[in-house]
$ cat start.cif   # mmCIF, C-alpha atoms
data_protein
#
loop_
_atom_site.label_atom_id
_atom_site.label_comp_id
_atom_site.auth_asym_id
_atom_site.auth_seq_id
_atom_site.Cartn_x
_atom_site.Cartn_y
_atom_site.Cartn_z
CA MET G 1 -50.66 -68.82 -151.92
CA LYS G 2 -49.82 -66.35 -149.17
CA SER G 3 -51.25 -68.69 -146.51
CA ALA G 4 -49.26 -71.61 -147.99
CA SER G 5 -46.07 -69.56 -147.82
CA LYS G 6 -46.77 -68.62 -144.25
CA LEU G 7 -47.36 -72.29 -143.40
CA TYR G 8 -44.09 -73.28 -145.10
CA ILE G 9 -42.17 -70.62 -143.15
CA ALA G 10 -43.79 -71.73 -139.89
CA VAL G 11 -42.78 -75.36 -140.56
CA VAL G 12 -39.19 -74.34 -141.35
CA ILE G 13 -39.00 -72.26 -138.18
CA ALA G 14 -40.38 -75.18 -136.16
CA LEU G 15 -37.83 -77.58 -137.66
CA ILE G 16 -34.98 -75.16 -136.93
CA SER G 17 -36.26 -74.80 -133.37
CA VAL G 18 -36.36 -78.58 -132.90
CA ALA G 19 -32.85 -78.92 -134.38
CA CYS G 20 -31.50 -76.23 -132.04
CA SER G 21 -33.20 -77.84 -129.07
CA THR G 22 -31.75 -81.24 -130.00
CA LYS G 23 -28.28 -79.75 -130.37
CA GLN G 24 -28.57 -78.06 -126.99
CA LYS G 25 -29.60 -81.37 -125.40
CA GLU G 26 -26.65 -83.13 -127.03
CA GLU G 27 -24.29 -80.43 -125.75
CA THR G 28 -25.83 -80.73 -122.28
CA ASN G 29 -25.39 -84.51 -122.36
CA GLN G 30 -21.76 -84.11 -123.45
CA GLN G 31 -21.18 -81.73 -120.57
CA THR G 32 -22.90 -84.15 -118.17
CA LYS G 33 -20.65 -86.95 -119.45
CA LYS G 34 -17.52 -84.84 -119.21
CA GLU G 35 -14.34 -86.79 -118.69
CA VAL G 36 -13.58 -87.45 -115.03
CA THR G 37 -10.13 -87.17 -113.49
CA ALA G 38 -8.17 -89.14 -110.91
CA LYS G 39 -8.81 -86.36 -108.42
CA GLU G 40 -12.55 -86.88 -108.86
CA ILE G 41 -12.65 -90.68 -108.73
CA LEU G 42 -10.11 -91.43 -105.99
CA GLY G 43 -11.82 -91.45 -102.60
CA ASN G 44 -15.23 -91.44 -104.27
CA PRO G 45 -17.34 -94.44 -103.12
CA LYS G 46 -19.19 -94.35 -106.45
CA TYR G 47 -15.91 -95.46 -108.07
CA MET G 48 -14.95 -98.62 -106.21
CA ALA G 49 -11.51 -99.98 -107.06
CA ILE G 50 -9.99 -103.45 -107.37
CA SER G 51 -6.71 -105.09 -108.34
CA TYR G 52 -7.16 -107.10 -111.50
CA GLU G 53 -5.19 -109.59 -113.55
CA GLY G 54 -7.17 -111.91 -115.79
CA TYR G 55 -4.70 -114.81 -115.94
CA ARG G 56 -6.56 -118.12 -115.91
CA GLN G 57 -3.77 -120.62 -116.63
CA LYS G 58 -0.74 -121.83 -114.66
CA SER G 59 1.61 -119.63 -116.67
CA ARG G 60 1.46 -115.99 -117.68
CA GLU G 61 2.83 -117.07 -121.04
CA LEU G 62 -0.75 -118.13 -121.74
CA GLN G 63 -2.33 -114.69 -121.97
CA PRO G 64 -6.08 -114.16 -121.55
CA THR G 65 -7.82 -113.09 -124.74
CA VAL G 66 -9.52 -109.72 -125.14
CA GLU G 67 -12.89 -111.50 -125.09
CA GLU G 68 -11.98 -113.20 -121.79
CA LEU G 69 -10.93 -109.86 -120.35
CA LYS G 70 -14.20 -108.29 -121.47
CA GLU G 71 -16.04 -111.15 -119.78
CA ASP G 72 -14.24 -110.39 -116.49
CA ILE G 73 -14.65 -106.63 -116.76
CA ARG G 74 -18.41 -106.98 -117.27
CA ILE G 75 -18.56 -109.05 -114.07
CA LEU G 76 -16.54 -106.53 -112.08
CA SER G 77 -18.61 -103.67 -113.46
CA ALA G 78 -21.81 -105.44 -112.39
CA MET G 79 -20.59 -105.48 -108.78
CA GLY G 80 -19.91 -101.75 -108.86
CA ILE G 81 -16.19 -101.67 -109.69
CA ARG G 82 -15.16 -98.63 -111.73
CA ILE G 83 -11.33 -98.59 -111.37
CA LEU G 84 -8.99 -101.49 -112.19
CA ARG G 85 -5.38 -101.71 -111.08
CA THR G 86 -2.81 -103.47 -113.29
CA TYR G 87 0.82 -104.20 -112.45
CA ASN G 88 3.13 -104.15 -115.46
CA VAL G 89 3.31 -103.45 -119.18
CA GLN G 90 5.98 -106.03 -119.95
CA MET G 91 3.32 -108.41 -121.26
CA PRO G 92 0.27 -107.81 -123.49
CA HIS G 93 -2.13 -108.14 -120.54
CA ALA G 94 -2.38 -104.46 -119.57
CA SER G 95 -2.69 -103.19 -123.14
CA ASN G 96 -5.36 -105.82 -123.80
CA VAL G 97 -7.27 -104.72 -120.70
CA LEU G 98 -7.31 -101.19 -122.10
CA LYS G 99 -8.38 -102.48 -125.50
CA ALA G 100 -11.16 -104.50 -123.87
CA ILE G 101 -12.46 -101.46 -121.99
CA ARG G 102 -12.42 -99.35 -125.14
CA GLU G 103 -14.43 -102.01 -126.99
CA LEU G 104 -16.94 -102.17 -124.13
CA LYS G 105 -17.28 -98.38 -124.27
CA SER G 106 -17.86 -98.57 -128.03
CA GLU G 107 -20.57 -101.16 -127.51
CA ASN G 108 -22.19 -99.07 -124.77
CA PRO G 109 -21.37 -95.32 -124.53
CA ASP G 110 -22.53 -95.34 -120.90
CA PHE G 111 -20.01 -98.03 -119.88
CA GLU G 112 -17.53 -96.61 -117.38
CA MET G 113 -14.23 -98.16 -116.28
CA TYR G 114 -10.87 -96.56 -115.54
CA VAL G 115 -7.38 -97.93 -114.94
CA MET G 116 -4.49 -97.43 -112.56
CA LEU G 117 -1.72 -98.55 -114.90
CA GLY G 118 1.31 -100.11 -113.23
CA ALA G 119 4.90 -99.98 -114.51
CA TRP G 120 7.06 -102.70 -112.97
CA ILE G 121 10.40 -101.57 -111.51
CA ASP G 122 13.33 -103.87 -110.67
CA CYS G 123 16.89 -103.66 -109.40
CA LYS G 124 19.86 -104.92 -111.39
CA ASN G 125 20.05 -108.75 -111.62
CA ALA G 126 16.48 -109.14 -110.38
CA TRP G 127 14.93 -112.58 -110.99
CA THR G 128 18.27 -114.02 -112.23
CA ASN G 129 20.80 -116.44 -110.77
CA GLN G 130 23.02 -113.45 -109.99
CA THR G 131 22.92 -111.52 -106.73
CA PRO G 132 20.42 -108.65 -106.90
CA ASP G 133 22.09 -105.23 -106.65
CA HIS G 134 19.56 -103.12 -104.79
CA ASN G 135 21.56 -99.93 -105.32
CA VAL G 136 21.45 -100.09 -109.12
CA GLU G 137 18.29 -100.26 -111.19
CA SER G 138 17.53 -102.76 -113.94
CA GLU G 139 18.19 -101.79 -117.55
CA GLN G 140 14.61 -102.78 -118.38
CA ASN G 141 13.05 -99.99 -116.28
CA GLU G 142 13.45 -97.35 -118.98
CA GLY G 143 11.58 -99.44 -121.54
CA GLU G 144 8.85 -100.24 -119.03
CA ILE G 145 8.27 -96.55 -118.31
CA GLY G 146 8.27 -95.81 -122.03
CA ARG G 147 5.58 -98.43 -122.68
CA ALA G 148 3.45 -97.08 -119.83
CA VAL G 149 3.72 -93.54 -121.20
CA ALA G 150 2.66 -94.71 -124.65
CA LEU G 151 -0.42 -96.49 -123.26
CA ALA G 152 -1.38 -93.53 -121.07
CA ASN G 153 -1.31 -91.33 -124.17
CA GLN G 154 -3.14 -93.86 -126.31
CA TYR G 155 -5.95 -94.31 -123.77
CA PRO G 156 -6.24 -90.95 -121.94
CA ASP G 157 -9.97 -91.48 -121.38
CA ILE G 158 -9.26 -94.72 -119.47
CA VAL G 159 -5.83 -94.44 -117.83
CA LYS G 160 -6.22 -92.01 -114.94
CA ILE G 161 -3.31 -93.09 -112.72
CA LEU G 162 0.20 -94.29 -113.49
CA ALA G 163 2.02 -96.19 -110.72
CA VAL G 164 5.81 -96.49 -110.78
CA GLY G 165 6.61 -99.85 -109.22
CA ASN G 166 4.75 -102.33 -107.06
CA GLU G 167 6.22 -103.00 -103.60
CA ALA G 168 9.47 -101.96 -105.27
CA MET G 169 11.00 -100.21 -102.23
CA VAL G 170 10.18 -102.58 -99.36
CA ARG G 171 13.21 -104.58 -98.26
CA TRP G 172 11.43 -107.89 -97.82
CA ALA G 173 11.04 -107.93 -101.64
CA THR G 174 14.55 -109.37 -101.72
CA SER G 175 14.40 -110.50 -105.34
CA TYR G 176 14.01 -107.04 -106.85
CA TYR G 177 13.61 -104.03 -104.53
CA VAL G 178 15.25 -100.70 -105.36
CA GLN G 179 16.14 -97.58 -103.40
CA PRO G 180 13.61 -94.71 -103.22
CA SER G 181 15.94 -92.67 -105.45
CA VAL G 182 15.05 -94.93 -108.40
CA ILE G 183 11.31 -94.46 -107.94
CA LEU G 184 11.87 -90.72 -107.42
CA LYS G 185 13.81 -90.54 -110.69
CA TRP G 186 10.96 -92.00 -112.72
CA VAL G 187 8.18 -90.13 -110.91
CA THR G 188 10.07 -86.88 -111.57
CA HIS G 189 10.47 -87.88 -115.21
CA LEU G 190 6.74 -88.52 -115.61
CA GLN G 191 5.83 -85.26 -113.88
CA SER G 192 8.14 -83.44 -116.29
CA LEU G 193 6.35 -85.07 -119.24
CA LYS G 194 3.05 -83.79 -117.86
CA ALA G 195 4.52 -80.29 -117.55
CA ALA G 196 5.68 -80.48 -121.17
CA ASN G 197 2.23 -81.65 -122.39
CA LYS G 198 3.67 -85.05 -123.29
CA LEU G 199 1.29 -86.75 -120.87
CA PRO G 200 -2.27 -85.76 -119.94
CA LYS G 201 -2.23 -82.92 -117.39
CA GLU G 202 -4.82 -84.62 -115.17
CA LEU G 203 -2.99 -87.98 -115.05
CA TRP G 204 -1.94 -88.72 -111.46
CA ILE G 205 1.45 -90.26 -110.78
CA THR G 206 2.18 -92.44 -107.76
CA CYS G 207 4.09 -95.47 -106.51
CA SER G 208 2.18 -98.35 -104.89
CA ASP G 209 4.14 -99.77 -101.98
CA ASP G 210 4.06 -101.32 -98.54
CA PHE G 211 3.11 -99.08 -95.61
CA ALA G 212 6.65 -99.39 -94.24
CA SER G 213 8.14 -98.07 -97.48
CA TRP G 214 6.05 -94.92 -97.05
CA GLY G 215 7.47 -94.26 -93.59
CA GLY G 216 4.76 -95.93 -91.56
CA GLY G 217 7.04 -98.52 -89.95
CA ASP G 218 10.77 -98.76 -89.27
CA ALA G 219 12.45 -95.36 -88.97
CA SER G 220 15.27 -96.62 -91.22
CA TYR G 221 12.94 -95.93 -94.15
CA HIS G 222 12.77 -92.23 -93.20
CA THR G 223 15.23 -90.87 -95.74
CA GLU G 224 15.63 -87.63 -97.63
CA ASP G 225 14.79 -89.39 -100.90
CA LEU G 226 11.54 -90.73 -99.46
CA GLU G 227 10.56 -87.24 -98.36
CA LYS G 228 11.29 -85.95 -101.87
CA LEU G 229 9.25 -88.81 -103.34
CA ILE G 230 6.23 -88.03 -101.17
CA LYS G 231 6.40 -84.45 -102.39
CA ALA G 232 6.75 -85.57 -106.03
CA VAL G 233 3.80 -87.99 -106.29
CA ASP G 234 0.24 -86.77 -106.79
CA TYR G 235 -0.94 -89.10 -104.04
CA VAL G 236 0.46 -91.88 -101.85
CA SER G 237 -0.69 -95.46 -102.56
CA MET G 238 0.04 -97.75 -99.59
CA HIS G 239 -0.43 -101.48 -98.99
CA THR G 240 -1.61 -103.14 -95.79
CA TYR G 241 -1.99 -106.88 -95.16
CA PRO G 242 -3.33 -107.94 -91.76
CA TYR G 243 -3.75 -111.39 -93.34
CA HIS G 244 0.00 -111.98 -93.65
CA ASN G 245 0.57 -110.45 -90.25
CA THR G 246 -1.57 -113.15 -88.62
CA HIS G 247 1.61 -115.22 -89.00
CA TYR G 248 4.46 -112.69 -89.00
CA ASN G 249 3.08 -110.30 -86.39
CA PRO G 250 0.28 -112.22 -84.63
CA ALA G 251 -0.14 -110.21 -81.42
CA PHE G 252 -3.25 -108.44 -82.76
CA TRP G 253 -4.74 -111.66 -84.11
CA ARG G 254 -4.65 -114.21 -81.33
CA VAL G 255 -7.61 -114.46 -78.96
CA PRO G 256 -6.91 -112.47 -75.77
CA ALA G 257 -7.57 -114.01 -72.36
CA GLU G 258 -10.70 -111.93 -71.78
CA GLU G 259 -12.33 -113.40 -74.91
CA THR G 260 -11.64 -117.09 -74.30
CA GLN G 261 -15.19 -117.69 -73.00
CA LEU G 262 -16.80 -116.39 -76.19
CA SER G 263 -18.24 -118.71 -78.82
CA GLU G 264 -16.07 -119.66 -81.80
CA MET G 265 -17.96 -117.33 -84.14
CA GLU G 266 -17.80 -114.45 -81.66
CA LYS G 267 -14.04 -114.95 -81.42
CA VAL G 268 -13.83 -114.88 -85.23
CA GLU G 269 -15.83 -111.65 -85.49
CA ARG G 270 -13.72 -109.93 -82.82
CA ALA G 271 -10.59 -111.05 -84.69
CA MET G 272 -11.85 -109.64 -87.98
CA ILE G 273 -12.60 -106.31 -86.34
CA ARG G 274 -9.05 -106.32 -84.97
CA ALA G 275 -7.78 -107.06 -88.51
CA LYS G 276 -9.59 -103.98 -89.83
CA GLU G 277 -8.18 -101.91 -86.94
CA PHE G 278 -4.70 -103.25 -87.77
CA ALA G 279 -5.10 -101.96 -91.33
CA LYS G 280 -6.38 -98.62 -90.04
CA ASP G 281 -3.38 -98.32 -87.72
CA GLN G 282 -0.99 -98.88 -90.63
CA TYR G 283 -2.89 -96.33 -92.71
CA ASP G 284 -2.70 -93.83 -89.85
CA SER G 285 1.02 -94.49 -89.36
CA VAL G 286 1.70 -93.41 -92.95
CA ALA G 287 -0.66 -90.45 -92.66
CA ASN G 288 1.08 -89.32 -89.49
CA TYR G 289 4.53 -89.61 -91.06
CA ILE G 290 3.45 -87.53 -94.06
CA LYS G 291 1.95 -84.96 -91.70
CA SER G 292 5.16 -84.85 -89.64
CA LEU G 293 7.00 -83.73 -92.78
CA GLY G 294 4.62 -80.82 -93.19
CA ILE G 295 3.31 -82.31 -96.44
CA VAL G 296 -0.35 -82.37 -97.45
CA LYS G 297 -0.94 -85.29 -99.79
CA PRO G 298 -3.91 -87.61 -100.53
CA LEU G 299 -3.45 -91.13 -99.18
CA HIS G 300 -5.26 -94.20 -100.51
CA ILE G 301 -4.94 -97.99 -100.14
CA GLY G 302 -3.32 -99.48 -103.22
CA GLU G 303 -3.65 -103.05 -102.04
CA THR G 304 -5.15 -105.18 -99.28
CA GLY G 305 -6.84 -108.56 -99.31
CA TRP G 306 -7.58 -111.87 -97.64
CA ALA G 307 -7.03 -115.37 -99.05
CA SER G 308 -9.77 -117.99 -98.90
CA GLU G 309 -7.49 -121.04 -98.92
CA SER G 310 -4.01 -121.92 -97.67
CA ASP G 311 -2.02 -125.03 -96.85
CA GLY G 312 0.80 -122.96 -95.34
CA PHE G 313 1.23 -120.46 -92.53
CA TYR G 314 -2.38 -119.28 -92.62
CA GLY G 315 -4.27 -122.58 -92.79
CA PRO G 316 -5.79 -124.83 -90.11
CA GLU G 317 -2.48 -125.72 -88.48
CA GLY G 318 -1.15 -122.18 -88.75
CA SER G 319 -2.81 -118.89 -87.85
CA HIS G 320 -6.34 -120.11 -88.76
CA ALA G 321 -6.77 -116.96 -90.84
CA THR G 322 -7.88 -118.65 -94.02
CA ASP G 323 -11.43 -119.36 -95.08
CA GLU G 324 -14.12 -117.69 -97.19
CA TYR G 325 -16.11 -116.52 -94.18
CA LYS G 326 -13.20 -114.47 -92.80
CA GLN G 327 -12.50 -113.21 -96.31
CA GLY G 328 -16.09 -112.00 -96.47
CA ARG G 329 -15.96 -110.27 -93.11
CA TYR G 330 -12.66 -108.54 -93.95
CA TYR G 331 -13.99 -107.38 -97.32
CA LYS G 332 -17.12 -105.89 -95.74
CA HIS G 333 -15.23 -104.21 -92.89
CA MET G 334 -12.71 -102.68 -95.27
CA ARG G 335 -15.29 -101.46 -97.78
CA ASP G 336 -17.46 -99.99 -95.03
CA TRP G 337 -14.53 -98.13 -93.45
CA THR G 338 -12.86 -96.84 -96.62
CA ASN G 339 -16.10 -95.82 -98.36
CA ALA G 340 -17.20 -93.85 -95.31
CA ALA G 341 -13.77 -92.27 -94.87
CA GLY G 342 -13.34 -91.21 -98.52
CA ILE G 343 -10.42 -93.59 -99.09
CA SER G 344 -10.01 -95.57 -102.31
CA CYS G 345 -9.26 -99.23 -101.60
CA PHE G 346 -7.86 -101.25 -104.49
CA TYR G 347 -8.96 -104.57 -103.01
CA PHE G 348 -6.79 -107.54 -103.93
CA GLU G 349 -8.17 -109.10 -106.04
CA GLY G 350 -10.91 -109.76 -108.55
CA PHE G 351 -10.29 -113.39 -109.56
CA ASP G 352 -8.14 -116.26 -108.33
CA GLU G 353 -4.92 -116.74 -110.30
CA GLN G 354 -3.20 -120.11 -110.37
CA TRP G 355 0.14 -119.05 -111.88
CA LYS G 356 1.34 -117.38 -108.69
CA ASP G 357 2.07 -120.66 -106.93
CA ALA G 358 1.70 -123.00 -109.89
CA GLN G 359 3.37 -125.98 -108.18
CA ASN G 360 1.13 -125.71 -105.12
CA PRO G 361 -2.58 -125.46 -106.00
CA ASN G 362 -3.55 -124.84 -102.36
CA GLY G 363 -1.02 -122.04 -101.82
CA SER G 364 -2.61 -118.88 -100.45
CA GLU G 365 -1.27 -116.68 -103.26
CA ASN G 366 -3.57 -118.52 -105.67
CA HIS G 367 -6.71 -117.76 -103.65
CA PHE G 368 -7.04 -114.02 -102.99
CA GLY G 369 -9.77 -113.60 -105.61
CA LEU G 370 -13.38 -112.71 -104.84
CA PHE G 371 -14.23 -115.13 -107.65
CA THR G 372 -12.82 -118.61 -108.27
CA LEU G 373 -11.18 -119.53 -111.56
CA LYS G 374 -14.54 -120.93 -112.72
CA GLY G 375 -16.26 -117.66 -111.89
CA GLU G 376 -18.00 -118.80 -108.71
CA ALA G 377 -18.71 -115.90 -106.37
CA LYS G 378 -17.09 -116.44 -102.99
CA TYR G 379 -18.84 -115.63 -99.73
CA PRO G 380 -18.05 -111.87 -99.81
CA LEU G 381 -20.29 -111.58 -102.89
CA TRP G 382 -23.12 -113.99 -102.08
CA GLU G 383 -25.56 -111.14 -101.44
CA LEU G 384 -24.86 -109.73 -104.90
CA VAL G 385 -25.69 -113.11 -106.44
CA ASP G 386 -28.99 -113.06 -104.53
CA GLN G 387 -29.67 -109.57 -105.87
CA GLY G 388 -29.24 -110.84 -109.44
CA VAL G 389 -26.47 -108.42 -110.42
CA PHE G 390 -24.61 -111.18 -112.28
CA LYS G 391 -27.63 -112.43 -114.21
CA ASN G 392 -26.73 -113.51 -117.76
CA LEU G 393 -23.00 -113.04 -117.07
CA THR G 394 -20.55 -115.93 -117.38
CA ARG G 395 -16.87 -116.76 -116.99
CA GLY G 396 -15.56 -119.37 -119.36
CA GLY G 397 -19.14 -120.37 -120.11
CA ASN G 398 -19.96 -120.84 -116.43
CA PRO G 399 -22.76 -118.82 -114.84
CA ILE G 400 -21.91 -116.78 -111.74
CA VAL G 401 -23.15 -118.89 -108.84
CA LYS G 402 -22.24 -119.08 -105.15
CA THR G 403 -19.44 -121.24 -103.82
CA TYR G 404 -20.56 -124.09 -101.53
CA ASN G 405 -23.81 -124.02 -103.54
CA GLY G 406 -24.78 -121.18 -101.24
CA ASP G 407 -24.84 -123.48 -98.19
CA LYS G 408 -23.60 -121.25 -95.37
CA LYS G 409 -23.74 -124.07 -92.84
CA LYS G 410 -21.30 -126.06 -94.98
CA LEU G 411 -19.06 -123.01 -95.41
CA LEU G 412 -18.90 -122.48 -91.64
CA GLU G 413 -17.79 -126.06 -91.01
CA VAL G 414 -14.20 -125.15 -91.91
CA VAL G 415 -14.10 -121.87 -89.96
CA LYS G 416 -11.77 -121.83 -86.93
CA ALA G 417 -11.19 -119.11 -84.40
CA PRO G 418 -7.62 -117.80 -84.09
CA PRO G 419 -5.32 -119.54 -81.60
CA THR G 420 -5.40 -118.26 -78.03
CA LYS G 421 -2.58 -115.99 -76.87
#
$ encode --input "start.cif" --output "structure tokens"
Amino acid sequence: MKSASKLYIAVVIALISVACSTKQKEETNQQTKKEVTAKEILGNPKYMAISYEGYRQKSRELQPTVEELKEDIRILSAMGIRILRTYNVQMPHASNVLKAIRELKSENPDFEMYVMLGAWIDCKNAWTNQTPDHNVESEQNEGEIGRAVALANQYPDIVKILAVGNEAMVRWATSYYVQPSVILKWVTHLQSLKAANKLPKELWITCSDDFASWGGGDASYHTEDLEKLIKAVDYVSMHTYPYHNTHYNPAFWRVPAEETQLSEMEKVERAMIRAKEFAKDQYDSVANYIKSLGIVKPLHIGETGWASESDGFYGPEGSHATDEYKQGRYYKHMRDWTNAAGISCFYFEGFDEQWKDAQNPNGSENHFGLFTLKGEAKYPLWELVDQGVFKNLTRGGNPIVKTYNGDKKKLLEVVKAPPTK
């Protein structure tokens, strides 16, 4: 009996030991999977970023379903994307994106995706038949900020950044832009909510705007309110678009005299390198302005991209900027530079959207996606298709295959070098 008792005690001790060991492993795993912050993911090449809206129809009134959003998010995750940027909370889209991510995390505890949640900001009379008043803000801004706050609190494990406005201060946004004082007002409000524990402490607040709005261009933007805003945000999110500048500011783009003897493809490659350098120059212009104020602040790219189709300024009879090959070269150059430099680049954008220029199917605004509406991977992603990263993934029932059936020769048939200076 004594030996039986000793055996029983030994078994109990062994079971307790195993239980303690298991608990320690679980605690270690929980610590390993500790919640990351914006400070840790921004500028980290392991957390690539992209701008994302899942609209598939010609009107945003036809919202994508949560299942459709999950379909898209799985595709983006497969290509290494870990941060999505959304633009407004006026419609169900952003909240459904957050719901979709939460469901994906429930299905797979290792699934990782975070969000830069955008709150849209307008001036008075924006998008109406009345004259926009750029010195007075829209009455809807308060409700938009309130909705963004509610979502940030509802999904603190997913929403890591809150952006007040999208290109809301740049003056060429004539339909809706506001003065920096409006953005400053709401950034200050959100920072005060953080201080009062009414928003997560680690949530980063910013505004995502054109490089000029952040002081990188015309000196008329260099105002006291802008300086206060730069101090108030947790980081600066700037936009740069060499693509649009191939028409509006083409000096960098056109083939210089010393390159006229190069082959067409050599001219194209030199032009795409100049496009990357153009973006770098705009980035540096903002960085230098911030530095001139004596402010130390992280600076990331909130938006940049390249359209694959255009029947307007950027097509064959315009700047010759538009085709999938150039889109692919720009994407690679930008990812290589920003990943190496520790800069987050919210590339614009994941999928084509046809609502942006609904009356003109070939308009460039409809074709900034890295994927077509059907889910075909454009040239920038052909290598990933070859690697099998999209295996068993679909969009709208369509497998992820290459555009042009993967025929590079056919793709290159439409590629034109920029015009000569």
$ resolve_selection --input "start.cif" --expression "the PyMOL selection byres ((chain G and resi 343-356) around 9)" --output "CSV table (one decimal) with C-alpha atoms, keeping the file's coordinate frame"
chain,number,residue,atom,x,y,z
G,41,ILE,CA,-12.6,-90.7,-108.7
G,42,LEU,CA,-10.1,-91.4,-106.0
G,43,GLY,CA,-11.8,-91.4,-102.6
G,44,ASN,CA,-15.2,-91.4,-104.3
G,45,PRO,CA,-17.3,-94.4,-103.1
G,47,TYR,CA,-15.9,-95.5,-108.1
G,48,MET,CA,-15.0,-98.6,-106.2
G,49,ALA,CA,-11.5,-100.0,-107.1
G,50,ILE,CA,-10.0,-103.4,-107.4
G,51,SER,CA,-6.7,-105.1,-108.3
G,52,TYR,CA,-7.2,-107.1,-111.5
G,53,GLU,CA,-5.2,-109.6,-113.6
G,54,GLY,CA,-7.2,-111.9,-115.8
G,55,TYR,CA,-4.7,-114.8,-115.9
G,56,ARG,CA,-6.6,-118.1,-115.9
G,57,GLN,CA,-3.8,-120.6,-116.6
G,58,LYS,CA,-0.7,-121.8,-114.7
G,59,SER,CA,1.6,-119.6,-116.7
G,60,ARG,CA,1.5,-116.0,-117.7
G,72,ASP,CA,-14.2,-110.4,-116.5
G,76,LEU,CA,-16.5,-106.5,-112.1
G,83,ILE,CA,-11.3,-98.6,-111.4
G,84,LEU,CA,-9.0,-101.5,-112.2
G,85,ARG,CA,-5.4,-101.7,-111.1
G,298,PRO,CA,-3.9,-87.6,-100.5
G,299,LEU,CA,-3.4,-91.1,-99.2
G,300,HIS,CA,-5.3,-94.2,-100.5
G,301,ILE,CA,-4.9,-98.0,-100.1
G,302,GLY,CA,-3.3,-99.5,-103.2
G,303,GLU,CA,-3.6,-103.0,-102.0
G,304,THR,CA,-5.2,-105.2,-99.3
G,305,GLY,CA,-6.8,-108.6,-99.3
G,306,TRP,CA,-7.6,-111.9,-97.6
G,331,TYR,CA,-14.0,-107.4,-97.3
G,334,MET,CA,-12.7,-102.7,-95.3
G,335,ARG,CA,-15.3,-101.5,-97.8
G,337,TRP,CA,-14.5,-98.1,-93.4
G,338,THR,CA,-12.9,-96.8,-96.6
G,339,ASN,CA,-16.1,-95.8,-98.4
G,340,ALA,CA,-17.2,-93.8,-95.3
G,341,ALA,CA,-13.8,-92.3,-94.9
G,342,GLY,CA,-13.3,-91.2,-98.5
G,357,ASP,CA,2.1,-120.7,-106.9
G,358,ALA,CA,1.7,-123.0,-109.9
G,359,GLN,CA,3.4,-126.0,-108.2
G,360,ASN,CA,1.1,-125.7,-105.1
G,361,PRO,CA,-2.6,-125.5,-106.0
G,363,GLY,CA,-1.0,-122.0,-101.8
G,365,GLU,CA,-1.3,-116.7,-103.3
G,366,ASN,CA,-3.6,-118.5,-105.7
G,367,HIS,CA,-6.7,-117.8,-103.6
G,368,PHE,CA,-7.0,-114.0,-103.0
G,369,GLY,CA,-9.8,-113.6,-105.6
G,370,LEU,CA,-13.4,-112.7,-104.8
G,371,PHE,CA,-14.2,-115.1,-107.6
G,372,THR,CA,-12.8,-118.6,-108.3
G,373,LEU,CA,-11.2,-119.5,-111.6
G,375,GLY,CA,-16.3,-117.7,-111.9
$ atom_distance --input "start.cif" --atom1 "atom CA of Pro180 of chain G" --atom2 "atom CA of Ser292 of chain G"
18.8 Å
$ atom_distance --input "start.cif" --atom1 "atom CA of Glu309 of chain G" --atom2 "atom CA of His244 of chain G"
12.9 Å
$ resolve_selection --input "start.cif" --expression "the PyMOL selection byres ((chain G and resi 394-406) around 10)" --output "PyMOL selection string"
chain G and resi 56+68-72+74-75+324+371-386+388-393+407-411
$ residues_around --input "start.cif" --residues "segment 270-272 of chain G" --least-positions-apart "5" --cutoff "10 Å" --atoms "only C-alpha atoms" --output "PyMOL selection string"
chain G and resi 242-243+252-256+259+262+265+277-278+321+326-331+333+417-418
$ write_last_selection --input "start.cif" --atoms "C-alpha atoms" --output "CSV table (one decimal), keeping the file's coordinate frame"
chain,number,residue,atom,x,y,z
G,242,PRO,CA,-3.3,-107.9,-91.8
G,243,TYR,CA,-3.8,-111.4,-93.3
G,252,PHE,CA,-3.2,-108.4,-82.8
G,253,TRP,CA,-4.7,-111.7,-84.1
G,254,ARG,CA,-4.6,-114.2,-81.3
G,255,VAL,CA,-7.6,-114.5,-79.0
G,256,PRO,CA,-6.9,-112.5,-75.8
G,259,GLU,CA,-12.3,-113.4,-74.9
G,262,LEU,CA,-16.8,-116.4,-76.2
G,265,MET,CA,-18.0,-117.3,-84.1
G,277,GLU,CA,-8.2,-101.9,-86.9
G,278,PHE,CA,-4.7,-103.2,-87.8
G,321,ALA,CA,-6.8,-117.0,-90.8
G,326,LYS,CA,-13.2,-114.5,-92.8
G,327,GLN,CA,-12.5,-113.2,-96.3
G,328,GLY,CA,-16.1,-112.0,-96.5
G,329,ARG,CA,-16.0,-110.3,-93.1
G,330,TYR,CA,-12.7,-108.5,-94.0
G,331,TYR,CA,-14.0,-107.4,-97.3
G,333,HIS,CA,-15.2,-104.2,-92.9
G,417,ALA,CA,-11.2,-119.1,-84.4
G,418,PRO,CA,-7.6,-117.8,-84.1
$ residues_around --input "start.cif" --residues "Ser192 of chain G" --least-positions-apart "5" --cutoff "12 Å" --atoms "all atoms listed in the file" --output "JSON, numbers by chain"
{"G": [185, 186, 187, 197, 198, 199, 200, 201, 205, 232, 233]}
$ closest_residue --input "start.cif" --among "G:Tyr241, G:Ala195, G:Lys231, G:Tyr325" --to "Ile295 of chain G" --atoms "all atoms listed in the file"
G:Lys231
